[in-house]
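Undergrad: I have a structure here, written as structure tokens, and I will follow up with some questions on it.
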Amino acid sequence: MQLNDLYKEIILDHYQSPHNRGRPPHADIEAEGSNPLCGDDVEVFVLLDGDRVKEVRFDGSGCAISLAAASMMSEVLEGKSKAEVREIGDLFKAMMHGEDVDLPEEMEDLEALKGVANFPLRVKCALLAWTTLEHGLANENVGGRVSIEVD
């Protein structure tokens, strides 16, 4: 099996059987994001245990890239501190913008999205859940739901 085939398989697996999809009964952080150009919509829910992410869940609709990225993000961030979440998000964004980054082994599924950097219009799809989460974290103390629209 070639690397491209493996990456396609990982993306399709996360798209067809998303991990951590659904709304929790309670969330410490709730944020929603949309990309009106392509129709992707995502809601991100974070449950915290102090400064650590206890659980990330998401819901929404969109393309395979958008939903697979949200699914992968939800798995990678569990148990991380808010500072680590920001660092991982920065690494992922750099990779999506074509920078050569070394992802930690625990983030290897995210490597499957590396090829998206070659398609600038699809980068926003891959980043939607991450950008939504970032805005949710930044506005955590404001309370309520945070909404963003990427263009």
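Just so we're on the same page: first chain in the structure tokens is A, next is B, and so on; residues restart at 1 for each chain, and ligands are numbered from 1 in the order they show up.
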Need the shell around segment 67-72 of chain A: protein/DNA/RNA residues with any atom at most 12 Å away, counting only C-alpha atoms. Skip same-chain ones fewer than 5 positions apart. Format as a PyMOL selection string?

TA: chain A and resi 7-22+33+39-45+56-62+77-78+89+92-93+96+106-114+116+122-133

Undergrad: Kindly export the residues of the current selection with C-alpha atoms, as a tab-separated table (two decimals), in the first residue's frame.

TA:
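Everything below was put into again20.tsv:
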```tsv
chain	number	residue	atom	x	y	z
A	7	TYR	CA	-3.57	8.67	4.02
A	8	LYS	CA	-6.78	8.46	1.99
A	9	GLU	CA	-7.85	5.47	4.08
A	10	ILE	CA	-7.25	7.35	7.36
A	11	ILE	CA	-9.21	10.38	6.15
A	12	LEU	CA	-12.10	8.23	4.91
A	13	ASP	CA	-12.16	6.28	8.18
A	14	HIS	CA	-12.47	9.48	10.22
A	15	TYR	CA	-15.08	10.86	7.81
A	16	GLN	CA	-17.24	7.74	7.63
A	17	SER	CA	-16.89	6.81	11.32
A	18	PRO	CA	-16.03	10.05	13.12
A	19	HIS	CA	-14.55	9.67	16.56
A	20	ASN	CA	-16.00	11.72	19.43
A	21	ARG	CA	-18.89	13.06	17.39
A	22	GLY	CA	-21.89	14.30	19.33
A	33	GLY	CA	-17.69	27.81	13.11
A	39	GLY	CA	-20.84	24.93	3.39
A	40	ASP	CA	-18.85	23.37	6.23
A	41	ASP	CA	-20.32	23.90	9.72
A	42	VAL	CA	-18.83	22.61	12.95
A	43	GLU	CA	-19.57	22.86	16.64
A	44	VAL	CA	-16.78	22.08	19.09
A	45	PHE	CA	-17.43	21.15	22.73
A	56	VAL	CA	-13.34	17.15	22.95
A	57	ARG	CA	-16.49	16.41	21.01
A	58	PHE	CA	-17.79	17.89	17.82
A	59	ASP	CA	-20.84	17.96	15.64
A	60	GLY	CA	-21.53	19.40	12.25
A	61	SER	CA	-21.71	18.82	8.56
A	62	GLY	CA	-19.33	19.30	5.71
A	77	LEU	CA	-6.21	16.83	22.29
A	78	GLU	CA	-7.61	14.62	25.04
A	89	GLY	CA	-2.90	23.82	16.91
A	92	PHE	CA	-1.15	21.78	12.59
A	93	LYS	CA	-1.73	25.23	11.08
A	96	MET	CA	-1.58	23.14	6.57
A	106	GLU	CA	0.79	10.71	18.86
A	107	MET	CA	-0.32	13.07	16.08
A	108	GLU	CA	0.60	10.81	13.17
A	109	ASP	CA	-2.99	10.55	11.87
A	110	LEU	CA	-2.85	14.29	11.24
A	111	GLU	CA	-0.06	13.62	8.72
A	112	ALA	CA	-2.79	12.25	6.47
A	113	LEU	CA	-4.03	15.81	5.99
A	114	LYS	CA	-0.62	17.14	4.96
A	116	VAL	CA	-4.34	19.34	1.74
A	122	ARG	CA	-9.32	23.08	1.04
A	123	VAL	CA	-6.96	24.31	3.77
A	124	LYS	CA	-9.85	26.21	5.37
A	125	CYS	CA	-11.81	22.96	5.48
A	126	ALA	CA	-9.03	21.23	7.40
A	127	LEU	CA	-8.58	24.21	9.74
A	128	LEU	CA	-12.24	24.94	10.53
A	129	ALA	CA	-12.54	22.82	13.68
A	130	TRP	CA	-9.10	23.95	14.89
A	131	THR	CA	-9.90	27.64	14.32
A	132	THR	CA	-13.26	27.20	16.02
A	133	LEU	CA	-11.61	25.57	19.03
```

Undergrad: Under the rule that only C-alpha atoms are counted, which of A:Ala117, A:Met73, A:Ala27, A:Leu91 is the nearest residue to Leu47 of chain A?

TA: A:Ala27

Undergrad: Per DSSP on the backbone, filter segment 2-145 of chain A down to the residues in strand (DSSP E or B) and report them as a PyMOL selection string.

TA: chain A and resi 21+29-35+40-49+52-61+81+145

Undergrad: Take the residues from that selection and write them out as an mmCIF file, in the first residue's frame, keeping C-alpha atoms.

TA:
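The resulting file, result_0.cif, is shown below:
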```
data_model
loop_
_atom_site.group_PDB
_atom_site.id
_atom_site.type_symbol
_atom_site.label_atom_id
_atom_site.label_comp_id
_atom_site.auth_asym_id
_atom_site.auth_seq_id
_atom_site.Cartn_x
_atom_site.Cartn_y
_atom_site.Cartn_z
ATOM 1 C CA ARG A 21 -18.886 13.062 17.388
ATOM 2 C CA ILE A 29 -16.352 25.586 26.119
ATOM 3 C CA GLU A 30 -18.756 25.673 23.184
ATOM 4 C CA ALA A 31 -17.863 27.202 19.858
ATOM 5 C CA GLU A 32 -19.345 27.034 16.404
ATOM 6 C CA GLY A 33 -17.687 27.812 13.114
ATOM 7 C CA SER A 34 -18.769 27.941 9.544
ATOM 8 C CA ASN A 35 -17.219 28.323 6.144
ATOM 9 C CA ASP A 40 -18.853 23.372 6.234
ATOM 10 C CA ASP A 41 -20.315 23.899 9.720
ATOM 11 C CA VAL A 42 -18.829 22.606 12.950
ATOM 12 C CA GLU A 43 -19.571 22.865 16.641
ATOM 13 C CA VAL A 44 -16.783 22.076 19.091
ATOM 14 C CA PHE A 45 -17.425 21.150 22.728
ATOM 15 C CA VAL A 46 -14.656 20.954 25.326
ATOM 16 C CA LEU A 47 -14.912 19.494 28.801
ATOM 17 C CA LEU A 48 -12.118 20.590 31.086
ATOM 18 C CA ASP A 49 -10.565 19.123 34.188
ATOM 19 C CA ARG A 52 -6.516 19.964 31.052
ATOM 20 C CA VAL A 53 -8.821 18.878 28.272
ATOM 21 C CA LYS A 54 -10.865 15.999 29.562
ATOM 22 C CA GLU A 55 -12.801 15.510 26.340
ATOM 23 C CA VAL A 56 -13.341 17.149 22.952
ATOM 24 C CA ARG A 57 -16.486 16.407 21.011
ATOM 25 C CA PHE A 58 -17.792 17.891 17.821
ATOM 26 C CA ASP A 59 -20.843 17.957 15.640
ATOM 27 C CA GLY A 60 -21.527 19.402 12.251
ATOM 28 C CA SER A 61 -21.712 18.818 8.558
ATOM 29 C CA SER A 81 -3.190 21.230 28.835
ATOM 30 C CA ARG A 145 -21.238 30.093 22.833
#
```
